[in-house]
Each structure stands twice: as structure tokens, then as C-alpha cells.
Amino acid sequence: MSQIEEETQWLRTTILPKILKSGRLVDNYSDAKAESFQVGDIKIDVIGHAEAFMLTFCYRTTIDFEYDGEKFQRKMVVKKTPPLPPPIYESVQFGALFSNEINFYTQILPEMQKLADGNFAAPKYYYSELNQYSAVVILENFAEQGWRVTKDRVGLSLEHALIAVNYLGKFHGFAYALKHKNPERFAQLTSGLKESRYASDEIHPDWKLTVETGIKRAAKAVATYQPQIDEEFVKKFNTLISDGTQYGRQRVAPREPLATLCHGDYVRNNVAYKYNGGEEPQEMIMFDYQTLRVSSPMIDLSVFLAISVYADVRYPNFDAIFDEYCSALYDSYKNHAKVEVPESMSKAELLKEYVRFLPYSVSITAFFLMTLVEPMDISPQEMFATQFTPEEIVERVMTQGGELVDREVAHQIKEMLELSQKCGVTIDDGIDVAKLAKA
């Protein structure tokens, strides 16, 4: 039996009856009419690695069925963990990732919808399960509502960027308002979120080498394309992020007064737009809440601008982009919290916080942008199964994505230096550097 046949059978006999009984498949479900449920045609379209970078097995499915004498069709997206040996499954932290996404759709989203009077755009939730070494989440295929991921994997236009930061500001404003109005409920809702990146001190040797090589490539790129930058600044940056786990753990830790609910991986892969007839972006929705966390809102803004927007858009338009985010944040917060914005959320304070998160976002650029610019032509399953030699890893990380990646990384380090000087905030502000050295 092929994988598609297995998935079809699994949906038909196991999953769809469960979704039906949950009341999420049809609005008028009744146990008395359960016997009338008949599944017809099921079509599956696997989402390949060429379309988006994913570690999971994902596919779109169109399902025809009958219930209580009526014919229905539902279009869904199924996201599952690939079959992996337990050590690899745990190293990827799939358990935490899926737990967070399930938590969002079943606990947090309903509360946010109440606050937003049902106007917070998010895919409909159908089903999920979380087992010891496997997990699944099934959602509405939001493409049916007119949403779609951008054609460009990186280098989004200014119009796309402005809509994305506006949506992000609204999201953070919702979360801040919930925290302000009912701090106990906010704490209760977020207490179940799990650390999905920095929980373990154990790092896979291949990943460790990838990060180390990415840092070396960044330093070489600066020397080549931004030679005016002082070497000591580059060394300080490299030292700061050399232990990505220890640095990341400190940087993303929630700190008051700015801690709020954050997406945690706010990049092009995890957002979709609606367009008008002229193919101009109008609205946006975000998805894939696996890295949800309570942290500084600048984790989302800095990573989006580093990974999804190139310097030719970000650099000359930074003030306009940052103002758009702040305006949306303030409007959302005031509308839902019914109070004025505190000084701790002023533009000046948020800009300082943005600087604090630039080493975090630039480090992600250093080892991940190359994968977006020049994707590896293998599936997640093949990637996990393939054994690369250290020499192959170093060669790939030093060259993948070519000059475009080198210039972008170097320019981001230039921007980090300039904003640090402008705001009077050092890039290691708030980090216990001595603790990093001991690690």
C-alpha cells in the first residue's frame, strides 16, 4: 500500500469519524444520525519541500461525504510528524512543537477571539493528537478562503512587509490587552507552553557544526562586503552567539514589562496573504504556532525583518516599517485594553528592545537564510536519514545561497552596529555574558 493510500485509509476509517463526533465537521451533528455518515472521495496533494521549508509531513486533502442526507465537501491541511527514531524525534523537539500548536488552537485562540469579537483571523481547527513519538494537527485549508503564501520564499516587497508588521502589531496588542485585563487568565493560558528550541543542552553534532560554520561565514562576509565594520564588534557578535542554546535561552526568556505572547517563528513560511485583482496584498493571516512562547515582541519583528525581507527594502524603509508596527500595536492595545499605552511600550523603548534582539535574528540569518535562498532538493525524511560528512556540511554552509546570502548577512551586521550606536544599547545588553563563557 502506498503512503497516499495509507493516509486515505487513515482519514476515512479513523480520523473523519472522530472529527464528526467532535461536532467540528458539520454544524448539526447528532449521535442519533451518526449512522448516516458516509465518506466518499478523498483527494490528497502532498506539500513538497520545494514549496516551503518544513520538518513535518504535510498535505492538503479534499474530502467528500454525506451526512443526514446532505452532501458536503471539506478541504483540510494535515500536518504530521515523519516516522523517526526516538532520539531524533526528541532532538527536533517535536513533542513540544506540536503541544504548543494544539494548545494555541484549543485554549488560547478561543480566548483571543472573545477579546477580538471573533475578528482574529486564524485557520479553523479540526483535530489533533499528541502521542509519545508521533503527533498530528488537522486544520482548515485556508486557501479556500482566498489566503495564499507568497510566491517568493524570501525578499518580500515593502507592501508585504508593511501588512505583515501591521498584523503582528495587532496580534501583540491583543496579547498585551489580555495580559492587562486578566493577568491570571493570561498566565493560566500560557503556562502550558513548552520550550521548543532551547530545552536541551544536547545539540546534534551536525547542527552544532552548521551553526559554528555559519558564524565563520558571517565574519568572512563582513570582511568582504562591509570592511569598514570594526573587527572587535564582529568578534563580540560571534562570541555572543557562539553557544546558540545558552544565548538563545537567555535572550528569549520572558522579562517584564515587555513580555507577551509571541509567535516565535514569524517568517514568510508561516504567513499568508489575500490579494486584490491587481495582485496587491491586502490582508494577512499567520499560522504554524508550534514555537509559540511568552517573550519580547521583538523576537517576532526582528526575525521577520531578518529572514523575510532583504536589505534593499528593510534598510531605506526601516522607520516606516517600525512606525507601522508600533501604530498597529498601540491601536490594538488601546482598543482592547481600554487604557493608554504605558511608557514601557513607547517607540523609543521598543527600538532599544529591537536592538537587543538583533544578534538573535542575525544569527538565524547566518545559518538559515541560505536554506531559503537555495533549498536543498530533499524531503525532511531524506534529510533526517542522510549522513553528511563534516566536510560536506562545512562546504554547504560556507557556499549555499552564494553572494546574495553573504551580502545580506554582512548588511544585517552593519544595521545592527548602526542601530546599537543610535540607541545607545550594546548588543549584549541584558545577557549574562559571564554565564555564556562558563557554558
# chains A, B, ... in the order shown; residues from 1 in each chain; ligands from 1

$ residues_around --residues "Ala218 in chain A" --least-positions-apart "5" --cutoff "10 Å" --atoms "only C-alpha atoms" --output "NGL selection string"
:A and (213 or 223-224 or 234 or 238 or 362-363 or 365-367 or 398 or 405-410 or 412-413)

$ closest_atom_pairs --of "range 125-207 of chain A" --to "range 9-16 of chain A" --cutoff "10 Å" --atoms "only C-alpha atoms" --output "JSON lines"
{"residue": "A:Tyr126", "atom": "CA", "partner": "A:Leu16", "partner_atom": "CA", "distance": 9.6}
{"residue": "A:Tyr127", "atom": "CA", "partner": "A:Ile15", "partner_atom": "CA", "distance": 8.2}
{"residue": "A:Ser128", "atom": "CA", "partner": "A:Ile15", "partner_atom": "CA", "distance": 9.6}
{"residue": "A:Ile138", "atom": "CA", "partner": "A:Ile15", "partner_atom": "CA", "distance": 9.7}

$ residues_around --residues "range 338-350 of chain A" --least-positions-apart "4" --cutoff "10 Å" --atoms "only C-alpha atoms" --output "MDAnalysis selection string"
chainID A and resid 177 180:181 256:258 296:298 322:323 325:327 329:334 354:356 423

$ residues_around --residues "Leu209 in chain A" --least-positions-apart "3" --cutoff "9 Å" --atoms "only C-alpha atoms" --output "list in words"
His204, Pro205, Asp206, Glu212, Thr213, Gly214, Pro390, Ile393 and Val394 of chain A

$ write_last_selection --atoms "N, CA, C and O atoms" --output "short mmCIF file (atom, residue, chain, number, x, y, z; two decimals), in the first residue's frame"
data_model
loop_
_atom_site.label_atom_id
_atom_site.label_comp_id
_atom_site.auth_asym_id
_atom_site.auth_seq_id
_atom_site.Cartn_x
_atom_site.Cartn_y
_atom_site.Cartn_z
N HIS A 204 22.73 18.22 18.40
CA HIS A 204 23.21 17.26 17.41
C HIS A 204 24.52 17.79 16.80
O HIS A 204 24.61 18.98 16.45
N PRO A 205 25.53 16.94 16.68
CA PRO A 205 26.83 17.40 16.16
C PRO A 205 26.74 18.09 14.81
O PRO A 205 27.44 19.08 14.56
N ASP A 206 25.87 17.60 13.92
CA ASP A 206 25.73 18.23 12.61
C ASP A 206 25.18 19.65 12.73
O ASP A 206 25.62 20.57 12.02
N GLU A 212 28.30 26.78 13.91
CA GLU A 212 29.68 27.28 14.01
C GLU A 212 30.17 27.77 12.65
O GLU A 212 30.82 28.82 12.55
N THR A 213 29.86 27.03 11.61
CA THR A 213 30.31 27.40 10.27
C THR A 213 29.56 28.63 9.78
O THR A 213 30.14 29.49 9.10
N GLY A 214 28.28 28.73 10.11
CA GLY A 214 27.51 29.91 9.73
C GLY A 214 28.09 31.18 10.32
O GLY A 214 28.12 32.24 9.67
N PRO A 390 31.45 15.85 7.93
CA PRO A 390 31.75 17.21 8.39
C PRO A 390 32.21 18.12 7.25
O PRO A 390 31.86 19.29 7.20
N ILE A 393 29.23 19.28 5.26
CA ILE A 393 28.46 20.29 5.98
C ILE A 393 29.14 21.65 5.88
O ILE A 393 28.50 22.67 5.58
N VAL A 394 30.44 21.69 6.12
CA VAL A 394 31.19 22.95 6.06
C VAL A 394 31.12 23.55 4.66
O VAL A 394 30.87 24.74 4.49
#

$ residues_around --residues "Leu158 in chain A" --least-positions-apart "2" --cutoff "10 Å" --atoms "only C-alpha atoms" --output "PyMOL selection string"
chain A and resi 155-156+160-164+309-310+312-314+317-318+320-321

$ residues_around --residues "Tyr89 in chain A" --least-positions-apart "2" --cutoff "12 Å" --atoms "only C-alpha atoms" --output "JSON, numbers by chain"
{"A": [55, 56, 81, 82, 83, 84, 85, 86, 87, 91, 92, 93, 94, 95, 96, 97, 98, 131, 132, 133, 134, 135, 204, 381, 384]}

$ atom_distance --atom1 "CA of Gly173 in chain A" --atom2 "CA of Lys124 in chain A"
21.8 Å

$ residues_around --residues "Arg251 in chain A" --least-positions-apart "2" --cutoff "9 Å" --atoms "only C-alpha atoms" --output "VMD selection string"
chain A and resid 246 to 249 253 to 254 295 to 296 299 356 to 357 360 430 to 431

$ select_by_dssp --residues "range 168-268 of chain A" --states "helix (DSSP H, G or I)" --output "PyMOL selection string"
chain A and resi 168-181+183-190+205-225+231-241+244-252+268

$ write_last_selection --atoms "C-alpha atoms" --output "tab-separated table (two decimals), in the first residue's frame"
chain	number	residue	atom	x	y	z
A	168	LEU	CA	1.95	41.41	14.05
A	169	GLY	CA	1.35	44.62	15.98
A	170	LYS	CA	-2.36	43.79	16.24
A	171	PHE	CA	-1.54	40.28	17.49
A	172	HIS	CA	0.84	41.56	20.15
A	173	GLY	CA	-1.72	44.22	21.08
A	174	PHE	CA	-4.36	41.53	21.64
A	175	ALA	CA	-1.97	39.61	23.85
A	176	TYR	CA	-0.91	42.66	25.87
A	177	ALA	CA	-4.57	43.62	26.36
A	178	LEU	CA	-5.43	40.14	27.61
A	179	LYS	CA	-2.47	40.25	29.97
A	180	HIS	CA	-3.51	43.69	31.25
A	181	LYS	CA	-7.21	42.94	31.70
A	183	PRO	CA	-3.24	38.67	34.17
A	184	GLU	CA	-4.27	35.50	35.98
A	185	ARG	CA	-6.05	34.16	32.88
A	186	PHE	CA	-3.09	35.14	30.68
A	187	ALA	CA	-0.74	33.23	32.99
A	188	GLN	CA	-3.09	30.24	33.01
A	189	LEU	CA	-3.36	30.14	29.20
A	190	THR	CA	0.37	30.41	28.62
A	205	PRO	CA	26.83	17.40	16.16
A	206	ASP	CA	25.73	18.23	12.61
A	207	TRP	CA	23.64	21.15	13.81
A	208	LYS	CA	26.45	22.37	16.07
A	209	LEU	CA	28.83	22.35	13.12
A	210	THR	CA	26.26	24.14	10.95
A	211	VAL	CA	25.92	26.97	13.47
A	212	GLU	CA	29.68	27.28	14.01
A	213	THR	CA	30.31	27.40	10.27
A	214	GLY	CA	27.51	29.91	9.73
A	215	ILE	CA	29.20	32.24	12.22
A	216	LYS	CA	32.52	31.91	10.39
A	217	ARG	CA	30.82	32.64	7.09
A	218	ALA	CA	29.21	35.75	8.56
A	219	ALA	CA	32.58	37.09	9.73
A	220	LYS	CA	34.10	36.43	6.30
A	221	ALA	CA	31.15	38.15	4.60
A	222	VAL	CA	31.58	41.27	6.74
A	223	ALA	CA	35.30	41.43	5.94
A	224	THR	CA	34.46	41.20	2.24
A	225	TYR	CA	31.37	43.38	1.85
A	231	GLU	CA	36.67	43.65	13.80
A	232	GLU	CA	36.11	43.86	17.56
A	233	PHE	CA	32.38	44.38	17.01
A	234	VAL	CA	32.22	41.32	14.78
A	235	LYS	CA	34.17	39.29	17.35
A	236	LYS	CA	31.79	40.45	20.08
A	237	PHE	CA	28.82	39.33	17.99
A	238	ASN	CA	30.43	35.98	17.20
A	239	THR	CA	31.31	35.33	20.85
A	240	LEU	CA	27.81	36.29	21.97
A	241	ILE	CA	26.06	33.79	19.69
A	244	GLY	CA	23.31	29.33	20.40
A	245	THR	CA	21.46	27.36	23.04
A	246	GLN	CA	22.77	29.25	26.04
A	247	TYR	CA	22.46	32.64	24.35
A	248	GLY	CA	19.01	31.86	22.92
A	249	ARG	CA	17.77	30.61	26.27
A	250	GLN	CA	18.73	33.89	27.93
A	251	ARG	CA	17.55	36.14	25.13
A	252	VAL	CA	14.05	34.72	24.73
A	268	ARG	CA	7.32	34.13	5.31

$ select_by_dssp --residues "range 280-355 of chain A" --states "strand (DSSP E or B)" --output "JSON, numbers by chain"
{"A": [281, 282, 283, 284, 285, 286, 293, 294, 295]}
